[in-house]
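Structure data (TSV, C-alpha atoms) from work_8.tsv:
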chain	number	residue	atom	x	y	z
A	1381	MET	CA	0.00	0.00	0.00
A	1382	THR	CA	1.48	3.38	-0.99
A	1383	THR	CA	1.56	6.34	1.36
A	1384	ARG	CA	-1.03	8.11	-0.75
A	1385	GLN	CA	-3.42	5.16	-0.63
A	1386	LYS	CA	-2.93	4.94	3.11
A	1387	LYS	CA	-3.59	8.64	3.49
A	1388	ALA	CA	-6.71	8.45	1.33
A	1389	ARG	CA	-8.05	5.53	3.31
A	1390	GLN	CA	-7.30	7.13	6.64
A	1391	SER	CA	-8.89	10.41	5.70
A	1392	SER	CA	-11.99	8.69	4.38
A	1393	ARG	CA	-12.29	7.06	7.77
A	1394	ARG	CA	-12.14	10.36	9.56
A	1395	GLY	CA	-15.53	11.24	10.80
A	1396	ILE	CA	-17.90	12.93	8.40
A	1397	SER	CA	-20.91	13.29	10.62
A	1398	THR	CA	-24.48	12.64	9.60
A	1399	THR	CA	-25.21	16.30	10.38
A	1400	GLN	CA	-22.59	17.43	7.89
A	1401	ILE	CA	-24.08	15.15	5.23
A	1402	LEU	CA	-27.56	16.52	5.89
A	1403	VAL	CA	-26.29	20.11	5.62
A	1404	VAL	CA	-24.70	19.27	2.26
A	1405	VAL	CA	-27.88	17.56	1.02
A	1406	GLY	CA	-29.95	20.59	2.10
A	1407	THR	CA	-27.59	22.97	0.33
A	1408	ALA	CA	-27.66	20.85	-2.84
A	1409	VAL	CA	-31.46	20.81	-2.89
A	1410	LEU	CA	-31.54	24.58	-2.36
A	1411	VAL	CA	-29.06	25.22	-5.20
A	1412	VAL	CA	-31.09	23.08	-7.61
A	1413	ALA	CA	-34.35	24.73	-6.52
A	1414	VAL	CA	-32.85	28.16	-7.30
A	1415	LEU	CA	-31.63	26.95	-10.71
A	1416	VAL	CA	-35.05	25.51	-11.55
A	1417	ALA	CA	-36.88	28.63	-10.34
A	1418	LEU	CA	-34.68	30.89	-12.49
A	1419	ASN	CA	-35.37	28.71	-15.49
A	1420	ILE	CA	-39.15	28.69	-14.99
A	1421	ASN	CA	-39.34	32.48	-14.59
A	1422	ARG	CA	-37.39	32.87	-17.78
A	1423	PHE	CA	-39.74	30.81	-19.86
A	1424	GLN	CA	-43.10	31.84	-18.47
A	1425	PRO	CA	-43.85	34.78	-20.81
A	1426	ALA	CA	-43.64	32.56	-23.88
A	1427	THR	CA	-45.90	29.79	-22.62
A	1428	ALA	CA	-48.33	32.07	-20.85
A	1429	THR	CA	-49.26	33.97	-24.01
A	1430	LYS	CA	-53.01	34.09	-24.17
A	1431	VAL	CA	-55.05	35.39	-27.06
A	1432	LYS	CA	-56.87	38.40	-25.65
A	1433	TYR	CA	-59.11	39.01	-28.65
A	1434	PRO	CA	-61.60	37.00	-30.61
A	1435	ALA	CA	-59.97	34.46	-32.89
A	1436	GLY	CA	-61.72	32.28	-35.41
A	1437	VAL	CA	-61.95	31.11	-38.96
A	1438	THR	CA	-63.42	33.14	-41.83
A	1439	ALA	CA	-66.10	31.74	-44.14
A	1440	ASP	CA	-63.40	30.68	-46.59
A	1441	GLY	CA	-61.40	28.87	-43.90
A	1442	GLN	CA	-58.72	31.44	-43.08
A	1443	PRO	CA	-57.69	32.10	-39.48
A	1444	TYR	CA	-58.33	35.57	-38.11
A	1445	LYS	CA	-57.84	37.54	-34.93
A	1446	GLY	CA	-59.81	40.59	-33.94
A	1447	SER	CA	-63.50	41.30	-34.29
A	1448	PRO	CA	-65.10	40.23	-37.60
A	1449	ASP	CA	-67.04	43.52	-37.37
A	1450	ALA	CA	-63.86	45.61	-37.28
A	1451	PRO	CA	-63.88	48.56	-39.72
A	1452	LEU	CA	-60.35	47.72	-40.90
A	1453	LYS	CA	-59.69	44.30	-42.36
A	1454	ILE	CA	-56.12	43.22	-42.93
A	1455	VAL	CA	-55.32	40.15	-44.98
A	1456	GLU	CA	-51.69	39.18	-44.59
A	1457	TYR	CA	-49.73	36.80	-46.82
A	1458	ALA	CA	-46.63	35.50	-45.06
A	1459	ASP	CA	-43.91	32.87	-45.15
A	1460	PHE	CA	-42.57	31.52	-41.85
A	1461	ALA	CA	-39.03	31.52	-43.21
A	1462	CYS	CA	-39.24	35.24	-43.97
A	1463	SER	CA	-37.69	37.49	-41.36
A	1464	HIS	CA	-39.65	40.57	-42.46
A	1465	CYS	CA	-42.82	38.56	-41.88
A	1466	ALA	CA	-41.66	37.92	-38.32
A	1467	ASP	CA	-41.00	41.65	-37.93
A	1468	PHE	CA	-44.43	42.46	-39.31
A	1469	ALA	CA	-46.09	39.97	-36.97
A	1470	GLN	CA	-44.24	41.65	-34.12
A	1471	SER	CA	-45.43	45.12	-35.20
A	1472	LEU	CA	-49.00	43.83	-35.35
A	1473	ASP	CA	-48.56	42.31	-31.89
A	1474	ALA	CA	-47.30	45.59	-30.50
A	1475	LEU	CA	-50.37	47.37	-31.90
A	1476	ALA	CA	-52.79	44.67	-30.78
A	1477	PRO	CA	-53.85	46.34	-27.50
A	1478	ASP	CA	-54.85	49.55	-29.32
A	1479	TYR	CA	-56.35	48.16	-32.49
A	1480	ILE	CA	-57.08	44.44	-32.40
A	1481	GLU	CA	-58.28	44.08	-28.82
A	1482	THR	CA	-60.43	47.21	-29.22
A	1483	GLY	CA	-62.25	45.78	-32.24
A	1484	LYS	CA	-60.88	48.31	-34.73
A	1485	VAL	CA	-58.73	45.95	-36.78
A	1486	GLN	CA	-59.18	42.37	-37.85
A	1487	VAL	CA	-56.18	40.42	-39.12
A	1488	VAL	CA	-56.62	37.45	-41.45
A	1489	PHE	CA	-53.61	35.23	-42.08
A	1490	ARG	CA	-52.86	33.43	-45.32
A	1491	ASN	CA	-49.85	31.30	-46.15
A	1492	PHE	CA	-47.61	32.32	-49.00
A	1493	ALA	CA	-44.95	29.61	-48.69
A	1494	PHE	CA	-42.28	30.03	-51.32
A	1495	LEU	CA	-38.95	31.10	-49.81
A	1496	THR	CA	-37.13	27.98	-48.60
A	1497	PRO	CA	-37.65	24.18	-48.65
A	1498	GLU	CA	-38.86	24.52	-45.06
A	1499	SER	CA	-41.53	27.11	-45.89
A	1500	LYS	CA	-44.13	24.61	-47.07
A	1501	PRO	CA	-43.85	22.16	-44.15
A	1502	ALA	CA	-44.05	25.14	-41.78
A	1503	ALA	CA	-47.16	26.44	-43.58
A	1504	GLN	CA	-48.72	22.97	-43.41
A	1505	ALA	CA	-47.89	22.82	-39.71
A	1506	VAL	CA	-49.80	26.00	-38.91
A	1507	GLU	CA	-52.76	24.68	-40.90
A	1508	CYS	CA	-52.58	21.48	-38.84
A	1509	ALA	CA	-52.57	23.62	-35.69
A	1510	LEU	CA	-55.61	25.50	-37.04
A	1511	ASP	CA	-57.48	22.18	-37.15
A	1512	GLN	CA	-57.31	22.26	-33.36
A	1513	GLY	CA	-58.66	25.79	-33.00
A	1514	ALA	CA	-57.91	29.36	-34.06
A	1515	ASP	CA	-56.30	30.15	-30.69
A	1516	LYS	CA	-53.93	27.20	-31.20
A	1517	PHE	CA	-53.19	28.53	-34.66
A	1518	TRP	CA	-52.14	31.94	-33.36
A	1519	ALA	CA	-50.10	30.43	-30.54
A	1520	TYR	CA	-48.32	28.21	-33.05
A	1521	HIS	CA	-47.91	31.14	-35.46
A	1522	ASP	CA	-46.27	33.25	-32.72
A	1523	LEU	CA	-44.01	30.44	-31.55
A	1524	LEU	CA	-42.87	29.61	-35.08
A	1525	PHE	CA	-41.94	33.21	-35.82
A	1526	SER	CA	-40.15	33.53	-32.49
A	1527	MET	CA	-38.03	30.46	-33.29
A	1528	GLN	CA	-36.71	32.06	-36.47
A	1529	GLY	CA	-32.98	32.60	-36.54
A	1530	ARG	CA	-32.31	29.97	-33.92
A	1531	GLY	CA	-30.38	27.83	-36.34
A	1532	GLY	CA	-31.13	25.23	-38.97
A	1533	ALA	CA	-33.35	23.03	-36.84
A	1534	ALA	CA	-35.94	25.72	-36.06
A	1535	MET	CA	-38.37	24.44	-38.71
A	1536	SER	CA	-37.35	20.81	-39.08
A	1537	ASN	CA	-40.04	18.15	-38.96
A	1538	THR	CA	-38.94	17.22	-35.43
A	1539	SER	CA	-39.13	20.85	-34.31
A	1540	LEU	CA	-42.53	21.46	-35.88
A	1541	LYS	CA	-43.87	18.46	-33.95
A	1542	ALA	CA	-42.13	19.54	-30.76
A	1543	TYR	CA	-43.82	22.95	-30.90
A	1544	ALA	CA	-47.20	21.23	-31.07
A	1545	GLY	CA	-46.32	19.42	-27.86
A	1546	GLN	CA	-45.09	22.59	-26.19
A	1547	LEU	CA	-48.40	24.28	-26.98
A	1548	ASN	CA	-50.45	21.39	-25.61
A	1549	LEU	CA	-51.90	20.42	-28.95
A	1550	ASP	CA	-53.15	16.90	-29.59
A	1551	THR	CA	-49.77	15.70	-30.84
A	1552	ALA	CA	-51.01	12.42	-32.34
A	1553	ALA	CA	-53.52	14.27	-34.53
A	1554	PHE	CA	-50.99	16.97	-35.35
A	1555	ASP	CA	-48.23	14.50	-36.35
A	1556	LYS	CA	-50.65	12.57	-38.51
A	1557	CYS	CA	-51.84	15.76	-40.20
A	1558	LEU	CA	-48.28	16.97	-40.85
A	1559	ASP	CA	-46.80	13.65	-42.00
A	1560	SER	CA	-49.69	12.77	-44.29
A	1561	GLY	CA	-49.32	16.01	-46.22
A	1562	ALA	CA	-53.04	16.58	-45.69
A	1563	LYS	CA	-52.59	20.35	-45.89
A	1564	ALA	CA	-50.29	20.43	-48.93
A	1565	ALA	CA	-53.10	21.23	-51.36
A	1566	LEU	CA	-54.48	23.94	-49.08
A	1567	VAL	CA	-51.06	25.61	-48.78
A	1568	GLU	CA	-50.72	25.43	-52.56
A	1569	ALA	CA	-54.19	26.95	-53.01
A	1570	ASP	CA	-53.32	29.80	-50.64
A	1571	HIS	CA	-50.18	30.48	-52.64
A	1572	ASN	CA	-52.12	30.53	-55.91
A	1573	ALA	CA	-54.75	32.81	-54.42
A	1574	GLY	CA	-51.97	35.19	-53.43
A	1575	VAL	CA	-50.42	35.11	-56.88
A	1576	ASN	CA	-53.84	35.87	-58.40
A	1577	GLN	CA	-54.16	38.89	-56.12
A	1578	GLY	CA	-50.77	40.22	-57.17
A	1579	VAL	CA	-48.65	38.94	-54.30
A	1580	THR	CA	-45.04	38.47	-55.40
A	1581	GLY	CA	-43.17	38.57	-52.10
A	1582	THR	CA	-43.75	38.45	-48.36
A	1583	PRO	CA	-45.08	39.98	-46.36
A	1584	THR	CA	-47.75	41.43	-48.60
A	1585	TRP	CA	-50.89	42.62	-46.94
A	1586	PHE	CA	-54.18	44.10	-47.93
A	1587	ILE	CA	-55.98	46.75	-45.94
A	1588	ASN	CA	-59.67	46.71	-46.85
A	1589	GLY	CA	-58.69	45.21	-50.19
A	1590	GLU	CA	-55.91	47.67	-51.01
A	1591	ILE	CA	-52.52	46.03	-51.57
A	1592	MET	CA	-49.63	47.10	-49.32
A	1593	PRO	CA	-46.00	46.18	-49.85
A	1594	GLY	CA	-43.69	44.73	-47.21
A	1595	ALA	CA	-43.28	45.01	-43.49
A	1596	LEU	CA	-43.73	48.40	-41.87
A	1597	PRO	CA	-42.41	49.51	-38.52
A	1598	GLU	CA	-44.89	49.92	-35.72
A	1599	ASN	CA	-45.20	53.73	-35.96
A	1600	GLU	CA	-45.88	53.75	-39.72
A	1601	LEU	CA	-48.38	50.96	-39.32
A	1602	ARG	CA	-50.10	52.96	-36.60
A	1603	GLN	CA	-50.40	55.96	-38.96
A	1604	ILE	CA	-51.90	53.81	-41.70
A	1605	PHE	CA	-54.40	52.31	-39.22
A	1606	ASP	CA	-55.38	55.76	-37.94
A	1607	GLN	CA	-55.80	57.11	-41.48
A	1608	GLY	CA	-57.88	54.11	-42.45
A	1609	LEU	CA	-60.06	54.45	-39.37
A	1610	SER	CA	-60.67	58.21	-39.86
A	1611	LYS	CA	-61.48	57.61	-43.53
A	1612	GLY	CA	-63.98	54.96	-42.50
A	1613	SER	CA	-65.72	57.18	-39.95
A	1614	GLY	CA	-65.84	60.13	-42.40
A	1615	GLN	CA	-67.79	58.24	-45.00
B	776	MET	CA	-1.46	-5.40	7.49
B	777	THR	CA	-4.39	-7.70	6.93
B	778	ASP	CA	-5.85	-8.78	3.63
B	779	THR	CA	-9.02	-6.88	4.33
B	780	THR	CA	-7.39	-3.47	4.75
B	781	SER	CA	-5.38	-3.75	1.53
B	782	ARG	CA	-8.50	-4.82	-0.30
B	783	VAL	CA	-10.37	-1.79	1.04
B	784	ALA	CA	-7.49	0.47	-0.01
B	785	LEU	CA	-7.46	-1.05	-3.46
B	786	ALA	CA	-11.20	-0.52	-3.77
B	787	VAL	CA	-10.85	3.15	-2.74
B	788	ASP	CA	-8.08	3.66	-5.27
B	789	TRP	CA	-10.07	1.93	-8.02
B	790	ARG	CA	-13.16	4.05	-7.30
B	791	LEU	CA	-11.10	7.23	-7.23
B	792	TRP	CA	-9.64	6.56	-10.66
B	793	LEU	CA	-13.02	5.64	-12.10
B	794	MET	CA	-14.50	8.88	-10.75
B	795	ARG	CA	-11.61	10.88	-12.21
B	796	LEU	CA	-12.16	9.21	-15.57
B	797	LEU	CA	-15.90	9.88	-15.46
B	798	ALA	CA	-15.38	13.52	-14.47
B	799	LEU	CA	-13.01	13.89	-17.41
B	800	ALA	CA	-15.61	12.37	-19.75
B	801	GLY	CA	-18.25	14.71	-18.31
B	802	LEU	CA	-15.94	17.66	-18.85
B	803	GLY	CA	-15.55	16.59	-22.48
B	804	VAL	CA	-19.31	16.24	-23.06
B	805	SER	CA	-20.23	19.53	-21.36
B	806	GLY	CA	-17.30	21.26	-23.06
B	807	TYR	CA	-18.53	20.13	-26.46
B	808	LEU	CA	-22.08	21.28	-25.68
B	809	THR	CA	-20.84	24.64	-24.40
B	810	TRP	CA	-18.78	25.14	-27.55
B	811	THR	CA	-21.65	24.28	-29.91
B	812	HIS	CA	-24.02	26.48	-27.91
B	813	LEU	CA	-21.75	29.53	-27.86
B	814	THR	CA	-20.70	29.25	-31.52
B	815	ASN	CA	-24.19	28.26	-32.72
B	816	GLN	CA	-22.81	25.07	-34.29
B	817	ALA	CA	-24.97	22.11	-35.23
B	818	ILE	CA	-24.48	19.26	-32.75
B	819	ALA	CA	-23.43	15.81	-33.96
B	820	CYS	CA	-26.55	13.91	-32.99
B	821	GLY	CA	-26.56	10.77	-35.13
B	822	GLY	CA	-28.53	12.45	-37.92
B	823	SER	CA	-31.23	13.68	-35.54
B	824	GLN	CA	-31.96	17.33	-34.83
B	825	ASP	CA	-33.14	16.65	-31.30
B	826	CYS	CA	-29.86	17.84	-29.78
B	827	ASP	CA	-30.12	21.23	-31.50
B	828	LEU	CA	-33.74	21.52	-30.51
B	829	VAL	CA	-32.83	21.03	-26.84
B	830	GLN	CA	-29.78	23.27	-27.05
B	831	GLN	CA	-31.77	26.05	-28.75
B	832	SER	CA	-34.65	25.88	-26.33
B	833	ALA	CA	-35.25	28.61	-23.78
B	834	TYR	CA	-34.22	26.11	-21.11
B	835	SER	CA	-30.64	25.91	-22.32
B	836	GLU	CA	-29.61	29.02	-20.41
B	837	VAL	CA	-30.01	30.30	-16.86
B	838	LEU	CA	-29.63	34.08	-16.50
B	839	GLY	CA	-27.84	34.10	-19.83
B	840	ILE	CA	-25.37	31.42	-18.72
B	841	PRO	CA	-25.48	28.25	-20.87
B	842	VAL	CA	-26.52	25.25	-18.78
B	843	ALA	CA	-23.71	23.33	-20.49
B	844	LEU	CA	-21.21	25.83	-19.08
B	845	LEU	CA	-22.57	25.22	-15.56
B	846	GLY	CA	-21.96	21.52	-16.20
B	847	MET	CA	-18.42	22.24	-17.34
B	848	LEU	CA	-17.69	24.17	-14.16
B	849	ALA	CA	-19.10	21.36	-12.05
B	850	TYR	CA	-17.06	18.66	-13.80
B	851	ALA	CA	-13.89	20.78	-13.67
B	852	THR	CA	-14.37	21.30	-9.93
B	853	LEU	CA	-15.00	17.58	-9.41
B	854	LEU	CA	-11.93	16.68	-11.44
B	855	ALA	CA	-9.76	19.07	-9.42
B	856	LEU	CA	-11.10	17.71	-6.12
B	857	LEU	CA	-10.62	14.10	-7.20
B	858	PHE	CA	-7.00	14.75	-8.13
B	859	LEU	CA	-6.37	16.61	-4.86
B	860	ARG	CA	-7.67	13.63	-2.93
B	861	GLY	CA	-4.83	12.16	-0.88
B	862	ARG	CA	-2.60	15.16	-1.61
B	863	LEU	CA	-3.94	17.63	0.93
B	864	PRO	CA	-3.37	17.84	4.68
B	865	GLN	CA	-5.64	15.27	6.31
B	866	ALA	CA	-7.92	17.83	7.93
B	867	TRP	CA	-8.80	19.12	4.46
B	868	ASP	CA	-8.59	15.84	2.62
B	869	ALA	CA	-11.31	14.37	4.79
B	870	TYR	CA	-13.83	16.80	3.35
B	871	ILE	CA	-13.18	15.96	-0.30
B	872	PRO	CA	-15.60	12.99	-0.34
B	873	LEU	CA	-18.24	15.27	1.19
B	874	ALA	CA	-17.64	17.98	-1.43
B	875	VAL	CA	-17.72	15.44	-4.28
B	876	PHE	CA	-20.94	14.03	-2.84
B	877	GLY	CA	-22.52	17.51	-2.61
B	878	ILE	CA	-21.53	18.69	-6.09
B	879	SER	CA	-22.53	15.44	-7.77
B	880	LEU	CA	-25.85	15.50	-5.88
B	881	ILE	CA	-26.55	18.95	-7.35
B	882	GLY	CA	-25.63	17.51	-10.74
B	883	VAL	CA	-27.94	14.51	-10.36
B	884	LEU	CA	-30.93	16.56	-9.21
B	885	TYR	CA	-30.50	19.21	-11.88
B	886	SER	CA	-29.92	16.58	-14.59
B	887	ALA	CA	-33.13	14.87	-13.49
B	888	TYR	CA	-35.00	18.16	-13.96
B	889	LEU	CA	-33.40	18.75	-17.37
B	890	THR	CA	-34.24	15.22	-18.50
B	891	TYR	CA	-37.82	15.78	-17.37
B	892	LEU	CA	-37.90	18.93	-19.52
B	893	GLU	CA	-36.57	17.01	-22.52
B	894	ILE	CA	-39.21	14.31	-22.24
B	895	TYR	CA	-42.29	16.28	-21.20
B	896	VAL	CA	-41.72	19.89	-22.27
B	897	ILE	CA	-39.27	20.14	-25.17
B	898	TYR	CA	-40.29	16.79	-26.68
B	899	ALA	CA	-36.77	16.04	-27.83
B	900	ILE	CA	-34.00	13.97	-26.28
B	901	CYS	CA	-30.44	15.25	-26.51
B	902	ARG	CA	-28.23	12.19	-26.25
B	903	TRP	CA	-25.21	14.23	-25.13
B	904	CYS	CA	-27.25	15.64	-22.27
B	905	VAL	CA	-28.43	12.16	-21.30
B	906	SER	CA	-24.81	10.91	-21.37
B	907	SER	CA	-23.89	13.65	-18.94
B	908	ALA	CA	-26.86	12.74	-16.73
B	909	ILE	CA	-25.66	9.12	-16.61
B	910	ILE	CA	-22.04	10.12	-15.94
B	911	ILE	CA	-22.97	12.38	-13.04
B	912	THR	CA	-25.29	9.73	-11.59
B	913	VAL	CA	-22.50	7.13	-11.57
B	914	ILE	CA	-20.09	9.65	-9.99
B	915	PHE	CA	-22.74	10.35	-7.36
B	916	LEU	CA	-23.24	6.66	-6.57
B	917	LEU	CA	-19.48	6.12	-6.29
B	918	SER	CA	-19.18	9.18	-4.05
B	919	LEU	CA	-21.86	7.65	-1.87
B	920	LEU	CA	-19.68	4.57	-1.34
B	921	ASP	CA	-16.74	6.81	-0.52
B	922	LEU	CA	-18.81	8.76	1.95
B	923	ARG	CA	-20.31	5.64	3.43
B	924	SER	CA	-16.91	4.12	4.18
B	925	GLY	CA	-15.90	7.27	6.07
B	926	ALA	CA	-19.11	8.45	7.67
B	927	ASP	CA	-20.59	7.42	10.96
B	928	LEU	CA	-23.94	6.55	9.49
B	929	PRO	CA	-26.33	4.76	11.85
Give the structure from the file, written as structure tokens.
Amino acid sequence: MTTRQKKARQSSRRGISTTQILVVVGTAVLVVAVLVALNINRFQPATATKVKYPAGVTADGQPYKGSPDAPLKIVEYADFACSHCADFAQSLDALAPDYIETGKVQVVFRNFAFLTPESKPAAQAVECALDQGADKFWAYHDLLFSMQGRGGAAMSNTSLKAYAGQLNLDTAAFDKCLDSGAKAALVEADHNAGVNQGVTGTPTWFINGEIMPGALPENELRQIFDQGLSKGSGQ
Amino acid sequence: MTDTTSRVALAVDWRLWLMRLLALAGLGVSGYLTWTHLTNQAIACGGSQDCDLVQQSAYSEVLGIPVALLGMLAYATLLALLFLRGRLPQAWDAYIPLAVFGISLIGVLYSAYLTYLEIYVIYAICRWCVSSAIIITVIFLLSLLDLRSGADLP
């Protein structure tokens, strides 16, 4: 037996009391509890997002948010791989308390999937989410845009399915819908409808039928909304 | 010197080396995950994207610090302690098994939480993360034996 071995053995025999062990266990549990608590606080805003306005499906099957009786109707064509579409969605979100929740603006979403190979699966995924309710659609829509720029896996098949789980969707139904390509024709039809209306890029949106190009920052969008609303009340 | 005492010493030595080896492996795994996280690299995941999904999730950082980096720090500390074992004055040396036990217990509990997140929240399993969870669990069990042989447990 070497001196070091002897030393190691002797020291391991020196008394570590049960009290000391309990103190260490208590500290360990506390440290982990703090780590977990920090993690939960961090994630809560994303999962706790609740739709605060009416959401539903239009007569022709498109998801909307905001009152159907709103004086301003926005129809938005977007691609989930398009960063300007994510910016536009964020601008709309920022204006939601003033315009969508107050019943002044209704937003209808339509897929215009054309940018990347992942655009179409992503568009099909949101349609699959829509099968489970318009509120699920908007939650999925928001999550998908927020995952943009997080690397190549953000819109992979695995990720699209994982998001459904994170949003408490019926994952079996969702997976079946996505894998079967059940929404492929619908996504194609949306794209063709856009092309017929003069959409060439994303985001393209229509305000009461008038075509508008590209994403606008929040303040410009606010001006356009206000103009549209004053025009409406003047007539 | 009896047969029994040399056998006990041999067992202690054997466990110590195994724990050092495991801590080194853990350092490698967490180091790789930290590197891929910080440089936004795709993780080698056997053709699956699950690893990236886990590593890109909101759960992969605590207060802006990558969870993988926390793991790296823990494994580096364990490795240092395990190599100091038997080299410090006895009064200090005696507390190394207790420190290894405490740090690996934190690792086991936190890994359990992270694995729960992978299965029930993120819906993706990162095999590197699971490897680390297994490594830290084995270190913890070995540390328990070390503690047991020294502690006055009832």
### Task
Go through B:Ile818, B:Cys901, B:Leu859, B:Leu873 and flag the residue nearest chain A, using all atoms listed in the file for the distances.
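Among the listed residues, B:Leu873 lies closest to chain A.
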### Message
Near chain A, meaning an atom within 9 Å, which residues of chain B appear when counting all atoms listed in the file? Write them as a ChimeraX atom specification.
### Response
/B:781,783-785,787-788,815-817,823-825,827-828,831-838,860-862,865-874,876-882,884-885,888,895-899,921-929
### Query
What gap, in Å, lies between CA of Trp1518 (chain A) and CA of Ala1461 (chain A)?
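So the two atoms, CA of Trp1518 (chain A) and CA of Ala1461 (chain A), lie 16.4 Å apart.
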### Message
What's the separation between CA of Leu854 (chain B) and CA of Leu919 (chain B), in Å to one decimal place?
### Response
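So the answer is 16.5 Å.
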### Query
How many Å lie between CA of Met794 (chain B) and CA of Ser886 (chain B), rounded to one decimal?
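Separating CA of Met794 (chain B) from CA of Ser886 (chain B) is a distance of 17.7 Å.
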### Task
Within 10 Å of region 1478-1482 of chain A, counting only C-alpha atoms, which residues show up once you throw out same-chain ones fewer than 3 positions away? Write them as an MDAnalysis selection string, please.
chainID A and resid 1431:1434 1445:1447 1450 1452 1472:1475 1485:1487 1602 1605:1606
Hey, could you make a per-residue contact list for region 1402-1516 of chain A against region 1562-1565 of chain A with 10 Å as the cut-off, showing the nearest pair of atoms and its distance in Å to one decimal, counting only C-alpha atoms, sorted by chain and number, as a Markdown table?
| residue | atom | partner | partner_atom | distance |
| --- | --- | --- | --- | --- |
| A:Lys1500 | CA | A:Ala1564 | CA | 7.7 |
| A:Pro1501 | CA | A:Ala1564 | CA | 8.2 |
| A:Ala1503 | CA | A:Lys1563 | CA | 8.5 |
| A:Gln1504 | CA | A:Lys1563 | CA | 5.3 |
| A:Ala1505 | CA | A:Lys1563 | CA | 8.1 |
| A:Val1506 | CA | A:Lys1563 | CA | 9.4 |
| A:Glu1507 | CA | A:Lys1563 | CA | 6.6 |
| A:Cys1508 | CA | A:Lys1563 | CA | 7.1 |
For the selection just defined, write its residues with C-alpha atoms to a file, as an mmCIF file, in the frame of the given file.
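Output file out_32.cif follows:
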data_model
loop_
_atom_site.group_PDB
_atom_site.id
_atom_site.type_symbol
_atom_site.label_atom_id
_atom_site.label_comp_id
_atom_site.auth_asym_id
_atom_site.auth_seq_id
_atom_site.Cartn_x
_atom_site.Cartn_y
_atom_site.Cartn_z
ATOM 1 C CA LYS A 1500 -44.130 24.610 -47.070
ATOM 2 C CA PRO A 1501 -43.850 22.160 -44.150
ATOM 3 C CA ALA A 1503 -47.160 26.440 -43.580
ATOM 4 C CA GLN A 1504 -48.720 22.970 -43.410
ATOM 5 C CA ALA A 1505 -47.890 22.820 -39.710
ATOM 6 C CA VAL A 1506 -49.800 26.000 -38.910
ATOM 7 C CA GLU A 1507 -52.760 24.680 -40.900
ATOM 8 C CA CYS A 1508 -52.580 21.480 -38.840
#
#### Entry: Shell of 12 Å around Val804 (chain B), all atoms listed in the file, local chain residues under 3 positions omitted, as number ranges by chain
B: 797-801, 807-811, 818-819, 843-844, 846-847, 850-851, 901-911
### Task
Compare A:Leu1524, A:Ala1553, A:Ile1454, A:Leu1596 by their minimum atom-to-atom distance to Lys1484 (chain A), counting all atoms listed in the file, and give me the closest one.
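Of A:Leu1524, A:Ala1553, A:Ile1454, A:Leu1596, the one nearest Lys1484 (chain A), counting all atoms listed in the file, is A:Ile1454.
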